[in-house]
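Dropping upload-v5.txt in here (compact mmCIF, C-alpha atoms and all ligand atoms):
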# COMPACT_ATOMS: atom_id res chain seq x y z
CA MET N 1 -3.74 62.42 -15.65
CA ALA N 2 -6.72 60.84 -17.38
CA LYS N 3 -6.34 57.21 -18.24
CA THR N 4 -6.01 56.55 -21.96
CA TYR N 5 -7.27 53.38 -23.59
CA HIS N 6 -5.97 52.26 -26.96
CA ILE N 7 -8.74 50.79 -29.06
CA GLY N 8 -8.37 49.28 -32.52
CA LEU N 9 -10.97 50.12 -35.16
CA VAL N 10 -11.59 47.65 -37.95
CA GLY N 11 -14.44 48.98 -40.09
CA GLY N 12 -14.28 46.03 -42.46
CA ASP N 13 -16.69 45.66 -45.37
CA GLY N 14 -20.02 46.96 -46.61
CA VAL N 15 -21.91 48.86 -43.95
CA GLY N 16 -19.27 48.02 -41.32
CA PRO N 17 -17.46 51.37 -41.48
CA GLU N 18 -20.74 53.38 -41.31
CA VAL N 19 -22.14 51.66 -38.26
CA LEU N 20 -18.75 51.78 -36.57
CA ARG N 21 -18.52 55.54 -37.19
CA GLU N 22 -21.74 56.00 -35.20
CA GLY N 23 -20.54 53.63 -32.51
CA LYS N 24 -17.32 55.58 -32.16
CA LYS N 25 -19.26 58.85 -31.96
CA VAL N 26 -21.32 57.46 -29.07
CA VAL N 27 -18.34 55.91 -27.29
CA ASP N 28 -16.48 59.23 -27.53
CA ALA N 29 -19.51 61.01 -26.08
CA ALA N 30 -19.49 58.60 -23.13
CA THR N 31 -15.90 59.23 -22.06
CA ARG N 32 -15.45 61.19 -18.84
CA GLY N 33 -12.36 60.87 -16.72
CA PHE N 34 -10.66 58.75 -19.36
CA LYS N 35 -9.58 59.08 -22.96
CA ILE N 36 -9.62 56.86 -25.99
CA ASP N 37 -6.86 56.74 -28.53
CA TRP N 38 -8.36 55.12 -31.64
CA VAL N 39 -6.05 53.03 -33.80
CA ASP N 40 -7.34 52.61 -37.36
CA TYR N 41 -6.87 49.36 -39.27
CA PRO N 42 -7.59 49.08 -43.00
CA TYR N 43 -8.43 45.37 -43.10
CA GLY N 44 -11.37 44.02 -45.08
CA GLY N 45 -12.33 43.09 -48.64
CA GLU N 46 -11.15 46.27 -50.36
CA HIS N 47 -7.77 46.11 -48.66
CA TYR N 48 -7.46 42.44 -49.55
CA MET N 49 -8.18 43.08 -53.23
CA LYS N 50 -5.63 45.88 -53.32
CA THR N 51 -2.84 44.21 -51.37
CA GLY N 52 -3.61 40.51 -50.95
CA GLU N 53 -3.34 41.04 -47.22
CA LEU N 54 -6.01 39.79 -44.80
CA LEU N 55 -4.87 40.19 -41.20
CA PRO N 56 -1.09 39.96 -40.91
CA ASP N 57 0.52 38.33 -37.91
CA ALA N 58 2.28 41.59 -37.10
CA ALA N 59 -1.12 43.28 -36.74
CA ILE N 60 -2.26 40.53 -34.39
CA GLU N 61 0.83 41.09 -32.27
CA GLU N 62 0.09 44.80 -32.17
CA MET N 63 -3.55 44.14 -31.28
CA ARG N 64 -2.51 42.05 -28.28
CA LYS N 65 -1.24 45.24 -26.72
CA LEU N 66 -4.47 47.18 -27.25
CA ASP N 67 -7.21 47.51 -24.65
CA ALA N 68 -9.93 46.40 -27.07
CA ILE N 69 -10.87 46.04 -30.72
CA TYR N 70 -14.03 47.44 -32.27
CA LEU N 71 -15.13 45.75 -35.50
CA GLY N 72 -17.77 46.72 -38.07
CA ALA N 73 -18.59 43.77 -40.34
CA VAL N 74 -16.86 41.43 -42.77
CA GLY N 75 -17.87 39.89 -46.10
CA HIS N 76 -17.29 41.38 -49.55
CA PRO N 77 -19.31 40.40 -52.63
CA LYS N 78 -16.22 40.48 -54.86
CA VAL N 79 -14.19 38.20 -52.63
CA LYS N 80 -14.96 34.49 -52.58
CA THR N 81 -17.06 33.66 -49.55
CA GLY N 82 -15.01 32.39 -46.63
CA ILE N 83 -11.73 34.18 -47.42
CA ILE N 84 -12.23 37.31 -45.35
CA GLU N 85 -14.43 35.56 -42.81
CA LYS N 86 -11.69 33.06 -42.08
CA GLY N 87 -8.67 35.27 -42.74
CA LEU N 88 -9.85 38.22 -40.72
CA LEU N 89 -12.72 37.58 -38.31
CA LEU N 90 -11.99 33.96 -37.41
CA LYS N 91 -8.25 34.62 -37.37
CA MET N 92 -8.82 37.32 -34.80
CA ARG N 93 -11.08 35.09 -32.70
CA PHE N 94 -8.60 32.20 -32.79
CA ALA N 95 -5.27 34.04 -32.58
CA LEU N 96 -6.43 36.17 -29.65
CA ASP N 97 -8.18 33.14 -28.13
CA LEU N 98 -11.47 35.04 -27.79
CA TYR N 99 -13.23 31.98 -26.47
CA VAL N 100 -16.43 33.64 -25.29
CA ASN N 101 -18.89 35.05 -27.77
CA LEU N 102 -21.31 36.87 -25.51
CA ARG N 103 -24.56 37.85 -27.18
CA PRO N 104 -27.16 39.59 -25.03
CA VAL N 105 -30.70 39.06 -26.30
CA LYS N 106 -32.75 41.94 -25.01
CA LEU N 107 -35.86 43.54 -26.40
CA TYR N 108 -35.94 47.24 -25.53
CA GLU N 109 -39.18 49.02 -24.86
CA ASN N 110 -40.95 50.30 -27.96
CA VAL N 111 -38.87 48.15 -30.32
CA PRO N 112 -41.06 45.98 -32.55
CA THR N 113 -40.58 42.22 -32.26
CA VAL N 114 -41.77 39.52 -34.63
CA LEU N 115 -43.24 37.60 -31.70
CA ALA N 116 -46.93 38.22 -31.12
CA GLY N 117 -47.87 38.79 -27.50
CA LYS N 118 -44.28 39.08 -26.19
CA GLY N 119 -42.64 42.17 -24.79
CA PRO N 120 -39.43 43.43 -23.12
CA LYS N 121 -40.12 41.51 -19.91
CA ASP N 122 -40.21 38.25 -21.90
CA ILE N 123 -37.10 38.72 -23.99
CA ASN N 124 -34.05 39.28 -21.85
CA PHE N 125 -31.36 36.61 -21.75
CA TYR N 126 -27.74 35.93 -22.65
CA VAL N 127 -26.32 33.53 -25.18
CA VAL N 128 -22.78 32.45 -24.34
CA ARG N 129 -21.39 30.98 -27.53
CA GLU N 130 -18.17 28.97 -27.44
CA ASN N 131 -15.98 30.75 -29.97
CA THR N 132 -12.83 28.73 -30.66
CA GLU N 133 -13.84 25.10 -31.32
CA ASP N 134 -16.42 22.95 -33.07
CA PHE N 135 -16.71 23.09 -36.87
CA TYR N 136 -15.04 26.48 -36.90
CA ILE N 137 -11.53 25.10 -36.41
CA GLY N 138 -11.19 24.76 -40.18
CA SER N 139 -9.97 21.20 -40.28
CA GLY N 140 -10.98 19.13 -43.29
CA GLY N 141 -10.29 18.34 -46.90
CA THR N 142 -11.51 17.20 -50.28
CA VAL N 143 -10.58 14.24 -52.47
CA HIS N 144 -11.26 13.76 -56.18
CA GLU N 145 -12.09 17.43 -56.41
CA GLY N 146 -14.17 18.45 -59.38
CA THR N 147 -15.20 14.91 -60.29
CA GLU N 148 -18.37 12.97 -59.57
CA ASP N 149 -16.41 11.03 -56.99
CA GLU N 150 -15.62 14.11 -55.02
CA VAL N 151 -15.88 13.70 -51.27
CA ALA N 152 -15.40 16.50 -48.76
CA PHE N 153 -15.11 16.29 -45.04
CA GLN N 154 -14.76 18.78 -42.25
CA ILE N 155 -14.47 17.94 -38.61
CA GLY N 156 -15.50 19.70 -35.46
CA THR N 157 -13.83 19.28 -32.12
CA VAL N 158 -15.00 19.76 -28.57
CA SER N 159 -12.36 19.66 -25.86
CA TYR N 160 -12.57 19.20 -22.12
CA LYS N 161 -10.65 22.42 -21.43
CA GLY N 162 -12.53 24.39 -24.06
CA SER N 163 -15.88 23.28 -22.70
CA LYS N 164 -14.86 23.84 -19.12
CA ARG N 165 -13.83 27.45 -19.57
CA ILE N 166 -16.98 28.39 -21.47
CA MET N 167 -19.24 26.65 -18.95
CA GLU N 168 -17.45 28.41 -16.11
CA TYR N 169 -17.96 31.73 -17.84
CA ALA N 170 -21.67 30.99 -18.32
CA PHE N 171 -22.25 30.02 -14.68
CA GLU N 172 -20.30 33.01 -13.39
CA LEU N 173 -22.30 35.31 -15.67
CA CYS N 174 -25.53 33.78 -14.38
CA LYS N 175 -24.43 34.44 -10.80
CA GLU N 176 -23.24 37.96 -11.53
CA LYS N 177 -26.51 38.88 -13.24
CA GLY N 178 -28.58 37.47 -10.37
CA MET N 179 -30.15 34.88 -12.67
CA ASN N 180 -30.82 31.27 -11.72
CA ARG N 181 -30.88 29.00 -14.75
CA VAL N 182 -28.25 27.91 -17.29
CA THR N 183 -29.36 26.01 -20.37
CA ALA N 184 -26.74 24.04 -22.30
CA VAL N 185 -27.42 23.51 -26.00
CA ASP N 186 -26.26 20.43 -27.93
CA LYS N 187 -27.25 17.58 -30.19
CA ALA N 188 -26.13 14.84 -27.83
CA ASN N 189 -28.78 12.45 -29.10
CA VAL N 190 -26.88 12.06 -32.38
CA LEU N 191 -23.39 13.52 -32.04
CA THR N 192 -22.75 11.45 -28.97
CA TYR N 193 -18.96 11.82 -28.81
CA VAL N 194 -18.53 15.55 -28.98
CA TYR N 195 -21.69 16.57 -27.19
CA GLY N 196 -21.44 13.67 -24.76
CA LEU N 197 -18.24 15.29 -23.56
CA TRP N 198 -19.90 18.73 -23.61
CA ARG N 199 -22.68 17.40 -21.34
CA ARG N 200 -20.30 15.76 -18.90
CA VAL N 201 -18.40 19.00 -18.52
CA PHE N 202 -21.65 20.91 -18.06
CA GLU N 203 -22.56 18.57 -15.21
CA GLU N 204 -19.11 18.79 -13.66
CA VAL N 205 -18.95 22.58 -13.74
CA GLY N 206 -22.63 22.95 -12.86
CA ALA N 207 -22.15 20.89 -9.69
CA LYS N 208 -20.18 23.82 -8.26
CA TYR N 209 -23.27 26.03 -8.56
CA PRO N 210 -25.93 24.31 -6.45
CA ASN N 211 -28.22 27.35 -6.49
CA ILE N 212 -28.37 27.53 -10.26
CA GLU N 213 -30.81 25.35 -12.16
CA LYS N 214 -29.25 23.37 -15.03
CA GLU N 215 -30.93 21.99 -18.10
CA ASN N 216 -29.97 20.56 -21.47
CA ASN N 217 -31.78 21.57 -24.65
CA PHE N 218 -31.33 20.02 -28.07
CA VAL N 219 -30.51 22.66 -30.64
CA ASP N 220 -33.53 21.90 -32.81
CA ALA N 221 -35.84 22.16 -29.83
CA ILE N 222 -34.38 25.42 -28.57
CA THR N 223 -35.13 27.17 -31.87
CA GLN N 224 -38.84 26.64 -31.35
CA TRP N 225 -38.68 27.44 -27.63
CA PHE N 226 -36.95 30.76 -28.38
CA VAL N 227 -40.06 31.62 -30.40
CA ARG N 228 -42.70 30.09 -28.13
CA LYS N 229 -41.33 30.76 -24.68
CA PRO N 230 -38.39 33.20 -24.71
CA GLU N 231 -39.19 34.24 -21.13
CA TRP N 232 -37.88 30.86 -19.95
CA TYR N 233 -34.27 31.62 -20.86
CA GLN N 234 -31.65 33.31 -18.72
CA VAL N 235 -28.17 32.12 -19.69
CA VAL N 236 -27.80 29.79 -22.66
CA VAL N 237 -24.40 28.17 -23.25
CA THR N 238 -23.83 26.74 -26.70
CA PRO N 239 -21.22 25.18 -28.96
CA ASN N 240 -19.90 27.45 -31.69
CA MET N 241 -21.94 26.55 -34.75
CA PHE N 242 -25.27 26.08 -33.00
CA GLY N 243 -24.55 29.41 -31.31
CA ASP N 244 -24.08 31.06 -34.68
CA ILE N 245 -27.45 29.78 -35.85
CA ILE N 246 -29.55 30.41 -32.76
CA THR N 247 -28.25 33.96 -32.30
CA ASP N 248 -29.60 35.06 -35.67
CA LEU N 249 -32.96 33.68 -34.57
CA ALA N 250 -32.54 35.41 -31.22
CA ALA N 251 -31.68 38.66 -33.00
CA ALA N 252 -34.97 38.46 -34.88
CA ILE N 253 -36.95 38.32 -31.63
CA GLN N 254 -35.04 41.26 -30.13
CA GLY N 255 -36.01 43.56 -32.99
CA GLY N 256 -33.78 42.34 -35.78
CA MET N 257 -30.11 42.10 -36.68
CA GLY N 258 -29.83 45.86 -36.27
CA MET N 259 -30.33 45.48 -32.52
CA ALA N 260 -27.99 42.58 -31.72
CA ALA N 261 -24.53 43.21 -30.29
CA GLY N 262 -21.80 40.82 -29.31
CA GLY N 263 -18.50 40.61 -27.53
CA ASN N 264 -15.70 38.23 -28.49
CA ILE N 265 -14.05 37.95 -25.13
CA ASN N 266 -11.01 36.53 -23.44
CA PRO N 267 -11.57 37.61 -19.85
CA GLY N 268 -8.81 39.92 -18.71
CA LYS N 269 -7.22 40.11 -22.15
CA VAL N 270 -7.76 42.16 -25.29
CA SER N 271 -11.24 41.42 -26.60
CA MET N 272 -13.23 42.35 -29.70
CA PHE N 273 -16.70 43.86 -29.91
CA GLU N 274 -18.96 43.91 -32.94
CA PRO N 275 -22.56 44.06 -34.11
CA ILE N 276 -23.53 40.49 -34.95
CA HIS N 277 -24.97 41.42 -38.34
CA GLY N 278 -23.11 41.03 -41.60
CA SER N 279 -21.79 43.61 -44.07
CA ALA N 280 -25.11 44.03 -45.97
CA PRO N 281 -23.22 45.12 -49.12
CA LYS N 282 -26.23 46.40 -51.01
CA TYR N 283 -26.85 49.10 -48.42
CA THR N 284 -23.24 50.35 -48.37
CA ASN N 285 -22.90 54.13 -48.00
CA GLN N 286 -26.63 54.71 -48.12
CA ASN N 287 -26.77 55.85 -44.50
CA VAL N 288 -29.85 53.68 -43.87
CA ILE N 289 -28.56 50.81 -41.73
CA ASN N 290 -29.43 50.63 -38.04
CA PRO N 291 -26.28 51.46 -36.03
CA ILE N 292 -27.77 50.43 -32.66
CA ALA N 293 -26.14 46.98 -32.68
CA ALA N 294 -22.73 48.58 -33.22
CA ILE N 295 -23.47 51.23 -30.58
CA LEU N 296 -24.49 48.60 -28.01
CA ALA N 297 -21.32 46.67 -28.82
CA GLY N 298 -19.41 49.86 -28.02
CA GLY N 299 -21.15 49.95 -24.63
CA MET N 300 -20.19 46.34 -23.97
CA MET N 301 -16.62 47.23 -24.90
CA LEU N 302 -16.44 50.06 -22.36
CA GLU N 303 -17.86 47.79 -19.70
CA HIS N 304 -15.26 45.18 -20.55
CA ILE N 305 -12.29 47.53 -20.26
CA GLY N 306 -13.53 48.57 -16.83
CA GLU N 307 -15.49 51.74 -17.65
CA LYS N 308 -18.73 50.28 -16.37
CA LYS N 309 -20.50 53.57 -15.80
CA ALA N 310 -19.77 54.76 -19.33
CA GLY N 311 -20.93 51.45 -20.75
CA ALA N 312 -24.15 51.58 -18.75
CA ASN N 313 -24.77 55.14 -19.95
CA ILE N 314 -24.62 53.97 -23.55
CA GLU N 315 -27.15 51.25 -22.91
CA ARG N 316 -29.40 53.67 -21.08
CA ALA N 317 -29.19 56.21 -23.90
CA VAL N 318 -30.16 53.53 -26.42
CA GLU N 319 -33.04 52.54 -24.19
CA GLU N 320 -34.26 56.14 -24.06
CA VAL N 321 -33.91 56.76 -27.77
CA MET N 322 -35.87 53.59 -28.49
CA LYS N 323 -38.54 54.50 -25.96
CA ASP N 324 -38.92 58.00 -27.44
CA GLY N 325 -39.42 56.31 -30.78
CA LYS N 326 -38.77 59.44 -32.80
CA VAL N 327 -35.34 58.69 -34.15
CA ARG N 328 -35.00 55.22 -35.64
CA THR N 329 -34.05 53.57 -38.92
CA LYS N 330 -36.28 51.89 -41.47
CA ASP N 331 -35.87 48.35 -40.07
CA LEU N 332 -37.68 49.64 -36.95
CA ASN N 333 -40.36 51.35 -39.06
CA GLY N 334 -38.65 54.74 -38.80
CA THR N 335 -37.31 57.19 -41.37
CA SER N 336 -34.06 58.32 -39.74
CA LYS N 337 -30.63 57.96 -41.24
CA THR N 338 -27.81 55.92 -39.70
CA SER N 339 -25.98 59.12 -38.75
CA GLU N 340 -29.09 60.70 -37.21
CA VAL N 341 -29.49 57.73 -34.88
CA GLY N 342 -25.83 58.01 -33.90
CA ASP N 343 -26.21 61.77 -33.25
CA GLU N 344 -29.31 61.24 -31.13
CA VAL N 345 -27.79 58.49 -28.98
CA ALA N 346 -24.59 60.53 -28.59
CA ARG N 347 -26.65 63.54 -27.49
CA LYS N 348 -28.47 61.44 -24.86
CA VAL N 349 -25.22 59.94 -23.66
CA ALA N 350 -23.66 63.38 -23.29
CA LYS N 351 -26.66 64.43 -21.18
CA LEU N 352 -26.34 61.37 -18.94
CA VAL N 353 -22.64 61.97 -18.50
CA GLY N 354 -23.38 65.57 -17.53
C1 LIG T 401 -21.21 35.70 -36.71
C2 LIG T 401 -20.99 35.53 -38.20
C3 LIG T 401 -19.67 34.81 -38.44
C4 LIG T 401 -19.74 33.45 -37.77
C5 LIG T 401 -19.29 34.69 -39.93
C6 LIG T 401 -19.23 36.04 -40.61
C7 LIG T 401 -17.99 33.96 -40.12
O1 LIG T 401 -22.07 34.87 -38.77
O2 LIG T 401 -20.37 36.37 -36.07
O3 LIG T 401 -22.20 35.20 -36.20
O4 LIG T 401 -20.19 32.48 -38.38
O5 LIG T 401 -19.35 33.36 -36.61
MG MG T 402 -23.64 34.52 -37.44

Rewrite the coordinates I just gave you, this time as structure tokens.
Amino acid sequence: MAKTYHIGLVGGDGVGPEVLREGKKVVDAATRGFKIDWVDYPYGGEHYMKTGELLPDAAIEEMRKLDAIYLGAVGHPKVKTGIIEKGLLLKMRFALDLYVNLRPVKLYENVPTVLAGKGPKDINFYVVRENTEDFYIGSGGTVHEGTEDEVAFQIGTVSYKGSKRIMEYAFELCKEKGMNRVTAVDKANVLTYVYGLWRRVFEEVGAKYPNIEKENNFVDAITQWFVRKPEWYQVVVTPNMFGDIITDLAAAIQGGMGMAAGGNINPGKVSMFEPIHGSAPKYTNQNVINPIAAILAGGMMLEHIGEKKAGANIERAVEEVMKDGKVRTKDLNGTSKTSEVGDEVARKVAKLVG
């Protein structure tokens, strides 16, 4: 009997449900020798406004038993900023301990990049973003709120164990991909406590990988190096907040937010895959948003659950559709609709699957 995977679908807000629909179409087209049972979840801004519910604990418990979670985007213009982000996306990342945020930065052939004189052979690396610590832990407070004496504070933490597991993941990824350099990002020249620890752990873990080159980059410096010399980078390991910032920059050099996928991973456990872009509310239901990021996230998801061939077929189909250049959305200077891109990639995938 064919193996069946149970995968949760959280469309979320804005364009999330549309891009996820295309991703699901492509993932379904890639299945051979296994089946997917999709489990729909209503969570997001609309659901929150109707019910007051963000992501209930019972849903988290149910999600633990799934094989993966596929998420569209979060952020609703009618809900105060931070509520859904923290209550849904960050809750999922923290409760399921999805400590790796893996963001491949790859420029496919015939995809326009903002970098002059750089091409696909120059832009091909991985950002491994720590996903459960740093300023994202949500610890802080305010005193004298609403007065001129108001003071707010928010703290970030870096732990030995948290740094160790993300560094280990980064070095193992580097080895697995046949690469030979890991760059650790920090701001250890100013935030000496937290990133001092981060650096010590990088050295400790790195010592176990004598054949891999190690280097430290300050976060401010790496932003300009991503633009000037992207070909230098192979695996970049970064604390949470710097990782958030540098991956939007990285997305721009790989063809834009519409091309950038990510996996929120706990190796061996249920993990969540999503395009890294936001909910782009003003484009909702216009069928114009690029679904490639969501589609690539679907490919990463299949790879993660062990269907490597199916995952690779999705990436290859995307590569071919981009190379053909006929079917693409407006952000890539095309005229196709979101659904047309999904149809085309699904068609290519079906051909590859045979
Ligand atoms: C991302 C997003 C999120 C983050 C937001 C929506 C909370 O920007 O996944 O990069 O900051 O991690
Ligand atoms: Mg971000």

Between N:Gly156, N:Gly243, N:Pro281, N:Pro120, smallest distance to ligand MG 402 (chain T) by all atoms listed in the file belongs to N:Gly243

Q.
As a quick test: using only C-alpha atoms and all ligand atoms, which residues lie no more than 10 Å away from ligand LIG 401 (chain T)? Give them as a PyMOL selection string.
A. chain N and resi 73-75+81-90+93+101+103+129+131-132+136+240-248+261-264+274-279

From CA of Val353 (chain N) to CA of Asp324 (chain N) the spacing works out at 19.0 Å

Note to self: If we draw a sphere of 10 Å around (-15.6, 49.1, -42.6), which residues have at least one atom in it when counting only C-alpha atoms? Please report them as an NGL selection string.
What the structure shows: :N and (9-21 or 41-46 or 71-74 or 279 or 284)

Practice prompt. Could you jot down the CA of Val321 (chain N) to CA of Met300 (chain N) separation for me, Å, one decimal place?
Written response: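 It comes out at 17.6 Å.
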
Take the point (-12.1, 22.9, -34.1) as written in the file and pick out every residue within 9 Å of it, counting all atoms listed in the file; give the list as a list in words.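 Residues satisfying the cut-off, written out: Thr132, Glu133, Asp134, Phe135, Tyr136, Ile137, Gly138, Ser139, Ile155, Gly156, Thr157, Val158 and Ser159 of chain N.
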
Among the residues N:Val235, N:Ala260, N:Met92, N:Ala184, the one that comes closest to Glu215 (chain N) [using only C-alpha atoms]
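Smallest separation from Glu215 (chain N) among the options: N:Ala184.
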
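The nearest approach to Glu130 (chain N) among the residues N:Ile292, N:Ile265, N:Val318, N:Ala251, with all atoms listed in the file taken into account, belongs to N:Ile265.
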
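Each of N:Leu249, N:Val227, N:Met1, N:Ala188 was checked against ligand MG 402 (chain T) using all atoms listed in the file; the smallest atom-to-atom distance is that of N:Leu249.
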
In Å and to one decimal, CA of Gly162 (chain N) is distant from CA of Trp198 (chain N) by 9.3 Å

Counting all atoms listed in the file, closest pick from N:Cys174, N:Ala152, N:Leu107, N:Met257 relative to ligand MG 402 (chain T) is N:Met257

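Of the listed residues N:Asn217, N:Thr147, N:Thr192, N:Gln234, the one whose atoms come nearest to Lys121 (chain N) is N:Gln234, with distances taken using all atoms listed in the file.
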
Once you've located region 303-314 of chain N in the structure I gave, write it as a PDB file, in the first residue's frame, keeping N, CA, C and O atoms.
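Saved result, part.pdb, follows:
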ATOM      1  N   GLU N 303      11.339  16.895   0.314  1.00  0.00           N
ATOM      2  CA  GLU N 303      12.680  16.397   0.596  1.00  0.00           C
ATOM      3  C   GLU N 303      12.795  16.063   2.089  1.00  0.00           C
ATOM      4  O   GLU N 303      13.310  15.019   2.472  1.00  0.00           O
ATOM      5  N   HIS N 304      12.275  16.973   2.902  1.00  0.00           N
ATOM      6  CA  HIS N 304      12.383  16.785   4.346  1.00  0.00           C
ATOM      7  C   HIS N 304      11.657  15.526   4.842  1.00  0.00           C
ATOM      8  O   HIS N 304      12.152  14.829   5.727  1.00  0.00           O
ATOM      9  N   ILE N 305      10.494  15.245   4.278  1.00  0.00           N
ATOM     10  CA  ILE N 305       9.769  14.065   4.780  1.00  0.00           C
ATOM     11  C   ILE N 305      10.344  12.762   4.201  1.00  0.00           C
ATOM     12  O   ILE N 305       9.872  11.680   4.516  1.00  0.00           O
ATOM     13  N   GLY N 306      11.345  12.895   3.342  1.00  0.00           N
ATOM     14  CA  GLY N 306      12.013  11.695   2.841  1.00  0.00           C
ATOM     15  C   GLY N 306      11.716  11.388   1.385  1.00  0.00           C
ATOM     16  O   GLY N 306      12.241  10.420   0.837  1.00  0.00           O
ATOM     17  N   GLU N 307      10.884  12.199   0.742  1.00  0.00           N
ATOM     18  CA  GLU N 307      10.580  11.989  -0.676  1.00  0.00           C
ATOM     19  C   GLU N 307      11.524  12.867  -1.505  1.00  0.00           C
ATOM     20  O   GLU N 307      11.126  13.841  -2.141  1.00  0.00           O
ATOM     21  N   LYS N 308      12.784  12.476  -1.486  1.00  0.00           N
ATOM     22  CA  LYS N 308      13.829  13.307  -2.087  1.00  0.00           C
ATOM     23  C   LYS N 308      13.670  13.467  -3.594  1.00  0.00           C
ATOM     24  O   LYS N 308      13.884  14.539  -4.150  1.00  0.00           O
ATOM     25  N   LYS N 309      13.291  12.371  -4.237  1.00  0.00           N
ATOM     26  CA  LYS N 309      13.152  12.408  -5.694  1.00  0.00           C
ATOM     27  C   LYS N 309      12.035  13.391  -6.076  1.00  0.00           C
ATOM     28  O   LYS N 309      12.193  14.218  -6.970  1.00  0.00           O
ATOM     29  N   ALA N 310      10.928  13.305  -5.375  1.00  0.00           N
ATOM     30  CA  ALA N 310       9.789  14.184  -5.666  1.00  0.00           C
ATOM     31  C   ALA N 310      10.170  15.641  -5.424  1.00  0.00           C
ATOM     32  O   ALA N 310       9.821  16.535  -6.197  1.00  0.00           O
ATOM     33  N   GLY N 311      10.904  15.876  -4.343  1.00  0.00           N
ATOM     34  CA  GLY N 311      11.349  17.232  -4.036  1.00  0.00           C
ATOM     35  C   GLY N 311      12.275  17.761  -5.127  1.00  0.00           C
ATOM     36  O   GLY N 311      12.140  18.903  -5.584  1.00  0.00           O
ATOM     37  N   ALA N 312      13.192  16.909  -5.563  1.00  0.00           N
ATOM     38  CA  ALA N 312      14.137  17.325  -6.609  1.00  0.00           C
ATOM     39  C   ALA N 312      13.408  17.601  -7.917  1.00  0.00           C
ATOM     40  O   ALA N 312      13.774  18.509  -8.663  1.00  0.00           O
ATOM     41  N   ASN N 313      12.364  16.821  -8.189  1.00  0.00           N
ATOM     42  CA  ASN N 313      11.585  17.054  -9.410  1.00  0.00           C
ATOM     43  C   ASN N 313      10.917  18.424  -9.397  1.00  0.00           C
ATOM     44  O   ASN N 313      10.810  19.086 -10.426  1.00  0.00           O
ATOM     45  N   ILE N 314      10.469  18.845  -8.229  1.00  0.00           N
ATOM     46  CA  ILE N 314       9.834  20.170  -8.144  1.00  0.00           C
ATOM     47  C   ILE N 314      10.868  21.249  -8.441  1.00  0.00           C
ATOM     48  O   ILE N 314      10.623  22.164  -9.227  1.00  0.00           O
TER      49      ILE N 314
END
